[in-house]
Amino acid sequence: MTDTSRIDTLRIGTDIGGTFTDFVVLDVETGQITLEKRLTTPDDPSRAVVEGIDVLRAARPDLLERTEILTHGTTLVINALIERTGGTTALLTTEGFEDVLEIRREVRYDAYDLELAFPRPLVPRRLRHGVRERLHASGRELVPVDADQVRAIVDEFAAEDVESVAICLLHSYTDGDHEREVARIVRERRPDLWVSLSSEVLPEVREYERTSTTVANAYVQPLLANYLRRLRKALDERGFAGNFYVMQSTGGVIPLEVARTFPVRVVESGPAGGVMAAARIGARAGVGDLLAFDMGGTTAKVAAVVDGQAALTHDYEVARTAHFRPGSGIPVCTPVLDLLEIGTGGGSIAHIDSLGLIKVGPRSAGSVPGPAAYGRGGDRPTVTDADLVLGHLDPDHFLGGEMPLRADLAAAAVAALGAPLGLDAVATAHAIREAAEESMVAAARVHLAEMGVEPSRLPVVAYGGAGPVHAVGLARKLGSPRVLIPPAAGVMSALGLILAPATFETSQTYKVKTDRLDLNLIDDLFRQMEKSAAQFLPDGDGGHVTYTRWADMRYVGQGFEVSVGLPGGDDWRALSSDEVTAQFKSAYESRYRRSYDDVAVETMNLRLRATLTGEDDDTVRLPTPAATGRAVSEALKGHRKVHFPEGETNCPVYDRALLEPGMTVAGPALVQERETTTVLDRAATATIGDLGIISIDVKGA
């Protein structure tokens, strides 16, 4: 007999990282959360997810039956693009454009490097086929699709074991009928193939970017689709009947079936969850401008949040052959939170470079074999090993004691690195830590400068397993005066998955000078985009859909655009073309500190985001510590020898779970929780806020 009195009030967020897979279970009624971490299983990432769910179910057998929403973040897509583990893909393009993936933009990302290297195209030349057809730039048909030729091409796919097909025809952003005709023939001849259309994936100008993005979508589609199918099946077998969502790179979630159709939208899935959680928690703490700093086991990520909003970019690349060099990677022009990923995580391997200097990353020990301290066969020194040697981590209580660390193995690996330089284990560990933080700071400074943001005015919101360990050091070097460590910091990206709304963003090329704008036509295009975007949002959630409009605009003759926010609904009717131009100039000046009155302005693309807001989204309770009136001394767990640059000290260690609002902890000190440790140096003072956020005053920043 079914218990009809039971209410489904649980939400689960699970985020797969390079080293750990994180879990958060949130009771939306009480705010109670349950956390879990498992080592990631690189051979099959779904295995770690299922193992973690089983551990949570052991403590709460009705977990999945009571779960209304499970949201998943994964690095599967970006890893497949970098490691070339996607499906065998063919490209059908307009005859004469078969080599666009290799011709690229005909731009050198380094004018003086005579041996430039670019990523190998995801589709080999033999699988790139030209289709006889042609559209005019206006969308008018010049040459119809040669259906017989398409059939003959498709019949050749069997010999090449093709799994997926990307269709990208010239000028299909103005009219997708030719692409739909080709897709119909492909599905008619080979219904088993996955098919991606550029008119659906990226209906925008710029042939290379549109082709590259569509090919990337097709390349990872079989892999992600099969992975999600296996994972959903495993959950269903365990009693899950709720909604399964996947986090997008924009910080919004989409239903599983939409993720299977547009896998490039989840290329930065997990990190986006952390940024959204940082913005949400910052807003509740009254902080609208902040720097989100996520340091996990494999990489570190930074993103600026201004006025409560994280910036989006549509110029994204993966698999760059030159670190931090735009133009050296594979363009994936899908909306992505504008975050910077740095190859410096807890598992990043330290080495000595050609100049005899200690450097960290970008190679990582990952979860297999992991840092030397894991005792799983790794013998290369990592940031985690250095932190353990310095006493910043407790070897007996890592992950609450479930995964003890080997201090002897960590010390041996670190000492071996420093021996050729005449350094002992402690001095080498200091050098590793310093190199890791300097690497992150240098990259963050460049990223913030490109956005026109001054780091010294941004509090750092730190999370991830290693984020709180290094947050004070990073903030001091950046000049940031304050660090915020939110509750559940070690699994914050998974928490962000739970808090994220369902969203879908779409675009449409509309190239015209602003003095010739047809605002009624633009409004009609936006309303068509609203209908298109709404169909990709979850059904039956009883929420309210809101729409946000932008236009990509530029001065005529420029090669890149600036996104300008536009009003919608009734406010649209009061708009004029002069006001649109003025909004562009204001946005341009804000970014580049100048504007021009003697150059014409034009629109390039219209963009729209649909957001499904649930009735309870703003009332979801987050965990907050209870106020019992205990003294801060009652949260003291003991003391541990910790090495700081100034020398060794017998450092007090506090249990975060026992710290209450209003308490103050002066450095040097360690604040320990199951998933991470907050390190306070001698010049830092921490205060516990009403929401349980640790607010650290960084003196001397």
# chains A, B, ... in the order shown; residues from 1 in each chain; ligands from 1
call {"tool": "residues_around", "arguments": {"residues": "A:Met276", "least_positions_apart": "5", "cutoff": "9 Å", "atoms": "only C-alpha atoms", "output": "list in words"}}
result
Gly251, Gly252, Pro271, Ile281, Gln309, Ala310, Ser493, Gly496, Leu497, Leu499 and Ala500 of chain A
call {"tool": "write_last_selection", "arguments": {"atoms": "all heavy atoms", "output": "PDB file, in the first residue's frame"}}
result
ATOM      1  N   GLY A 251      24.969  27.898 -16.045  1.00  0.00           N
ATOM      2  CA  GLY A 251      24.522  27.958 -14.670  1.00  0.00           C
ATOM      3  C   GLY A 251      23.049  27.642 -14.505  1.00  0.00           C
ATOM      4  O   GLY A 251      22.513  27.766 -13.408  1.00  0.00           O
ATOM      5  N   GLY A 252      22.374  27.221 -15.567  1.00  0.00           N
ATOM      6  CA  GLY A 252      20.984  26.771 -15.489  1.00  0.00           C
ATOM      7  C   GLY A 252      20.911  25.299 -15.837  1.00  0.00           C
ATOM      8  O   GLY A 252      21.838  24.728 -16.426  1.00  0.00           O
ATOM      9  N   PRO A 271      31.687  23.235 -12.968  1.00  0.00           N
ATOM     10  CA  PRO A 271      32.133  24.540 -12.469  1.00  0.00           C
ATOM     11  C   PRO A 271      31.041  25.598 -12.449  1.00  0.00           C
ATOM     12  O   PRO A 271      31.032  26.475 -11.584  1.00  0.00           O
ATOM     13  CB  PRO A 271      33.246  24.921 -13.458  1.00  0.00           C
ATOM     14  CG  PRO A 271      33.760  23.622 -13.972  1.00  0.00           C
ATOM     15  CD  PRO A 271      32.568  22.717 -14.036  1.00  0.00           C
ATOM     16  N   ILE A 281      24.752  32.608  -2.569  1.00  0.00           N
ATOM     17  CA  ILE A 281      25.114  32.770  -1.161  1.00  0.00           C
ATOM     18  C   ILE A 281      25.646  34.178  -0.908  1.00  0.00           C
ATOM     19  O   ILE A 281      25.381  34.787   0.135  1.00  0.00           O
ATOM     20  CB  ILE A 281      26.131  31.690  -0.762  1.00  0.00           C
ATOM     21  CG1 ILE A 281      25.420  30.322  -0.732  1.00  0.00           C
ATOM     22  CG2 ILE A 281      26.765  31.993   0.587  1.00  0.00           C
ATOM     23  CD1 ILE A 281      26.321  29.147  -0.497  1.00  0.00           C
ATOM     24  N   GLN A 309      25.489  39.010 -10.743  1.00  0.00           N
ATOM     25  CA  GLN A 309      25.409  38.244 -11.985  1.00  0.00           C
ATOM     26  C   GLN A 309      26.797  37.828 -12.451  1.00  0.00           C
ATOM     27  O   GLN A 309      27.715  38.638 -12.484  1.00  0.00           O
ATOM     28  CB  GLN A 309      24.733  39.072 -13.089  1.00  0.00           C
ATOM     29  CG  GLN A 309      23.308  39.501 -12.772  1.00  0.00           C
ATOM     30  CD  GLN A 309      22.357  38.324 -12.699  1.00  0.00           C
ATOM     31  OE1 GLN A 309      22.447  37.382 -13.482  1.00  0.00           O
ATOM     32  NE2 GLN A 309      21.429  38.379 -11.757  1.00  0.00           N
ATOM     33  N   ALA A 310      26.922  36.555 -12.814  1.00  0.00           N
ATOM     34  CA  ALA A 310      28.159  36.075 -13.422  1.00  0.00           C
ATOM     35  C   ALA A 310      28.101  36.337 -14.921  1.00  0.00           C
ATOM     36  O   ALA A 310      27.065  36.118 -15.558  1.00  0.00           O
ATOM     37  CB  ALA A 310      28.341  34.587 -13.154  1.00  0.00           C
ATOM     38  N   SER A 493      29.925  23.067  -5.566  1.00  0.00           N
ATOM     39  CA  SER A 493      29.419  22.940  -6.930  1.00  0.00           C
ATOM     40  C   SER A 493      28.198  22.039  -6.963  1.00  0.00           C
ATOM     41  O   SER A 493      27.237  22.306  -7.690  1.00  0.00           O
ATOM     42  CB  SER A 493      30.506  22.388  -7.857  1.00  0.00           C
ATOM     43  OG  SER A 493      31.514  23.350  -8.066  1.00  0.00           O
ATOM     44  N   GLY A 496      25.327  24.016  -5.730  1.00  0.00           N
ATOM     45  CA  GLY A 496      24.856  24.942  -6.760  1.00  0.00           C
ATOM     46  C   GLY A 496      23.947  24.276  -7.771  1.00  0.00           C
ATOM     47  O   GLY A 496      23.038  24.914  -8.314  1.00  0.00           O
ATOM     48  N   LEU A 497      24.163  22.988  -8.037  1.00  0.00           N
ATOM     49  CA  LEU A 497      23.292  22.270  -8.965  1.00  0.00           C
ATOM     50  C   LEU A 497      21.859  22.248  -8.456  1.00  0.00           C
ATOM     51  O   LEU A 497      20.898  22.332  -9.230  1.00  0.00           O
ATOM     52  CB  LEU A 497      23.784  20.829  -9.150  1.00  0.00           C
ATOM     53  CG  LEU A 497      25.227  20.634  -9.630  1.00  0.00           C
ATOM     54  CD1 LEU A 497      25.526  19.146  -9.809  1.00  0.00           C
ATOM     55  CD2 LEU A 497      25.485  21.368 -10.923  1.00  0.00           C
ATOM     56  N   LEU A 499      20.454  24.507  -6.471  1.00  0.00           N
ATOM     57  CA  LEU A 499      19.877  25.848  -6.394  1.00  0.00           C
ATOM     58  C   LEU A 499      19.606  26.465  -7.760  1.00  0.00           C
ATOM     59  O   LEU A 499      18.909  27.475  -7.860  1.00  0.00           O
ATOM     60  CB  LEU A 499      20.830  26.771  -5.615  1.00  0.00           C
ATOM     61  CG  LEU A 499      21.175  26.338  -4.186  1.00  0.00           C
ATOM     62  CD1 LEU A 499      22.194  27.295  -3.584  1.00  0.00           C
ATOM     63  CD2 LEU A 499      19.932  26.272  -3.319  1.00  0.00           C
ATOM     64  N   ALA A 500      20.149  25.869  -8.832  1.00  0.00           N
ATOM     65  CA  ALA A 500      20.063  26.485 -10.160  1.00  0.00           C
ATOM     66  C   ALA A 500      18.669  26.341 -10.764  1.00  0.00           C
ATOM     67  O   ALA A 500      18.029  25.297 -10.635  1.00  0.00           O
ATOM     68  CB  ALA A 500      21.093  25.854 -11.088  1.00  0.00           C
TER      69      ALA A 500
END
call {"tool": "residues_around", "arguments": {"residues": "A:Val336", "least_positions_apart": "2", "cutoff": "6 Å", "atoms": "only C-alpha atoms", "output": "list in words"}}
result
Ser249, Thr250, Leu312 and Thr313 of chain A
call {"tool": "residues_around", "arguments": {"residues": "A:Ser563", "least_positions_apart": "6", "cutoff": "10 Å", "atoms": "only C-alpha atoms", "output": "compact mmCIF listing (two decimals) with C-alpha atoms, in the first residue's frame"}}
result
# COMPACT_ATOMS: atom_id res chain seq x y z
CA LEU A 312 28.49 34.94 -19.92
CA THR A 313 30.67 34.46 -22.96
CA HIS A 314 29.93 32.90 -26.35
CA ARG A 549 16.80 39.64 -24.26
CA TRP A 550 20.19 40.73 -25.61
CA ALA A 551 21.64 41.91 -28.89
CA ASP A 552 25.24 41.36 -29.99
CA MET A 553 26.29 44.71 -31.45
CA ARG A 554 29.44 46.31 -32.83
CA PHE A 584 25.41 49.84 -27.04
CA ALA A 587 28.11 49.03 -22.78
CA TYR A 588 31.07 49.52 -25.12
CA THR A 603 23.45 44.40 -34.70
CA MET A 604 24.76 40.89 -35.41
CA ASN A 605 22.87 38.38 -33.28
CA LEU A 606 19.77 38.44 -31.12
CA ARG A 607 19.94 36.34 -27.96
call {"tool": "atom_distance", "arguments": {"atom1": "atom CA of A:Phe644", "atom2": "atom CA of A:Pro487"}}
result
25.5 Å
call {"tool": "select_by_dssp", "arguments": {"residues": "stretch 366-473 of chain A", "states": "helix (DSSP H, G or I)", "output": "NGL selection string"}}
result
:A and (372-374 or 383-389 or 398-401 or 407-421 or 425-451 or 455-457 or 467-473)
call {"tool": "residues_around", "arguments": {"residues": "stretch 509-519 of chain A", "least_positions_apart": "4", "cutoff": "8 Å", "atoms": "only C-alpha atoms", "output": "list of chain:residue names"}}
result
A:Tyr173, A:Thr174, A:Pro203, A:Glu204, A:Val205, A:Asp523, A:Ser576, A:Ser577, A:Asp578, A:Val580, A:Thr581, A:Ala600, A:Val601, A:Glu602, A:Thr603, A:Met604, A:Asn605, A:Leu606
call {"tool": "write_last_selection", "arguments": {"atoms": "all heavy atoms", "output": "short mmCIF file (atom, residue, chain, number, x, y, z; two decimals), in the first residue's frame"}}
result
data_model
loop_
_atom_site.label_atom_id
_atom_site.label_comp_id
_atom_site.auth_asym_id
_atom_site.auth_seq_id
_atom_site.Cartn_x
_atom_site.Cartn_y
_atom_site.Cartn_z
N TYR A 173 21.75 29.58 -41.09
CA TYR A 173 21.26 30.39 -39.98
C TYR A 173 20.09 31.26 -40.41
O TYR A 173 19.31 31.73 -39.57
CB TYR A 173 22.39 31.26 -39.41
CG TYR A 173 23.08 32.11 -40.44
CD1 TYR A 173 22.60 33.36 -40.79
CD2 TYR A 173 24.24 31.66 -41.07
CE1 TYR A 173 23.23 34.14 -41.75
CE2 TYR A 173 24.88 32.42 -42.02
CZ TYR A 173 24.36 33.66 -42.36
OH TYR A 173 24.99 34.43 -43.32
N THR A 174 19.95 31.51 -41.72
CA THR A 174 18.81 32.30 -42.18
C THR A 174 17.61 31.42 -42.51
O THR A 174 16.47 31.86 -42.41
CB THR A 174 19.17 33.11 -43.44
OG1 THR A 174 19.58 32.22 -44.48
CG2 THR A 174 20.30 34.08 -43.15
N PRO A 203 22.50 28.76 -34.71
CA PRO A 203 22.02 29.46 -35.91
C PRO A 203 22.58 30.87 -36.03
O PRO A 203 21.85 31.87 -35.98
CB PRO A 203 20.50 29.47 -35.70
CG PRO A 203 20.32 29.47 -34.22
CD PRO A 203 21.48 28.68 -33.66
N GLU A 204 23.91 30.97 -36.18
CA GLU A 204 24.58 32.26 -36.24
C GLU A 204 25.58 32.29 -37.39
O GLU A 204 26.05 31.26 -37.86
CB GLU A 204 25.32 32.54 -34.93
CG GLU A 204 24.43 32.63 -33.70
CD GLU A 204 25.22 32.87 -32.44
OE1 GLU A 204 26.41 33.28 -32.55
OE2 GLU A 204 24.69 32.64 -31.35
N VAL A 205 25.93 33.52 -37.80
CA VAL A 205 26.95 33.71 -38.83
C VAL A 205 28.31 33.24 -38.31
O VAL A 205 28.46 32.94 -37.14
CB VAL A 205 27.05 35.18 -39.26
CG1 VAL A 205 25.79 35.63 -39.96
CG2 VAL A 205 27.34 36.07 -38.06
N ASP A 523 11.03 42.39 -32.48
CA ASP A 523 10.13 41.87 -31.45
C ASP A 523 9.50 40.55 -31.89
O ASP A 523 9.38 39.62 -31.09
CB ASP A 523 9.04 42.92 -31.15
CG ASP A 523 8.24 42.57 -29.90
OD1 ASP A 523 8.85 42.17 -28.89
OD2 ASP A 523 7.01 42.69 -29.95
N SER A 576 13.36 52.93 -28.92
CA SER A 576 13.64 53.49 -30.25
C SER A 576 15.02 53.02 -30.68
O SER A 576 15.83 52.59 -29.87
CB SER A 576 13.59 55.02 -30.22
OG SER A 576 14.69 55.54 -29.48
N SER A 577 15.30 53.14 -31.99
CA SER A 577 16.61 52.71 -32.49
C SER A 577 17.73 53.57 -31.90
O SER A 577 18.83 53.08 -31.67
CB SER A 577 16.63 52.79 -34.02
OG SER A 577 16.35 54.11 -34.47
N ASP A 578 17.44 54.84 -31.64
CA ASP A 578 18.46 55.70 -31.02
C ASP A 578 18.81 55.22 -29.62
O ASP A 578 19.97 55.26 -29.19
CB ASP A 578 17.97 57.15 -30.96
CG ASP A 578 17.94 57.81 -32.34
OD1 ASP A 578 18.61 57.29 -33.25
OD2 ASP A 578 17.24 58.83 -32.49
N VAL A 580 18.57 52.10 -28.56
CA VAL A 580 19.35 50.87 -28.71
C VAL A 580 20.81 51.22 -28.97
O VAL A 580 21.73 50.64 -28.37
CB VAL A 580 18.79 50.00 -29.86
CG1 VAL A 580 19.71 48.80 -30.11
CG2 VAL A 580 17.39 49.53 -29.54
N THR A 581 21.05 52.19 -29.85
CA THR A 581 22.42 52.63 -30.15
C THR A 581 23.09 53.19 -28.90
O THR A 581 24.27 52.91 -28.63
CB THR A 581 22.41 53.69 -31.26
OG1 THR A 581 21.75 53.16 -32.42
CG2 THR A 581 23.82 54.10 -31.63
N ALA A 600 29.24 54.05 -37.64
CA ALA A 600 27.92 53.44 -37.59
C ALA A 600 27.94 52.19 -36.71
O ALA A 600 28.97 51.52 -36.56
CB ALA A 600 27.44 53.08 -39.00
N VAL A 601 26.78 51.87 -36.13
CA VAL A 601 26.62 50.71 -35.25
C VAL A 601 25.68 49.72 -35.93
O VAL A 601 24.72 50.12 -36.59
CB VAL A 601 26.05 51.15 -33.88
CG1 VAL A 601 25.80 49.94 -33.00
CG2 VAL A 601 27.00 52.14 -33.20
N GLU A 602 25.97 48.42 -35.74
CA GLU A 602 25.10 47.41 -36.32
C GLU A 602 24.86 46.28 -35.32
O GLU A 602 25.67 46.04 -34.41
CB GLU A 602 25.68 46.83 -37.60
CG GLU A 602 26.98 46.06 -37.41
CD GLU A 602 27.54 45.54 -38.72
OE1 GLU A 602 26.85 45.65 -39.76
OE2 GLU A 602 28.67 45.00 -38.72
N THR A 603 23.73 45.61 -35.47
CA THR A 603 23.45 44.40 -34.70
C THR A 603 23.97 43.20 -35.49
O THR A 603 24.04 43.23 -36.71
CB THR A 603 21.95 44.21 -34.45
OG1 THR A 603 21.28 44.03 -35.71
CG2 THR A 603 21.36 45.42 -33.74
N MET A 604 24.32 42.13 -34.76
CA MET A 604 24.76 40.89 -35.41
C MET A 604 23.86 39.71 -35.03
O MET A 604 23.36 39.00 -35.89
CB MET A 604 26.21 40.57 -35.01
CG MET A 604 27.23 41.41 -35.75
SD MET A 604 27.29 41.04 -37.52
CE MET A 604 28.03 39.42 -37.49
N ASN A 605 23.69 39.50 -33.74
CA ASN A 605 22.87 38.38 -33.28
C ASN A 605 21.90 38.84 -32.20
O ASN A 605 22.23 39.71 -31.39
CB ASN A 605 23.75 37.26 -32.69
CG ASN A 605 24.72 36.70 -33.69
OD1 ASN A 605 24.34 36.24 -34.75
ND2 ASN A 605 26.01 36.74 -33.34
N LEU A 606 20.72 38.26 -32.20
CA LEU A 606 19.77 38.44 -31.12
C LEU A 606 19.87 37.21 -30.21
O LEU A 606 19.98 36.09 -30.69
CB LEU A 606 18.34 38.56 -31.67
CG LEU A 606 18.11 39.65 -32.72
CD1 LEU A 606 16.65 39.62 -33.18
CD2 LEU A 606 18.48 41.02 -32.19
#
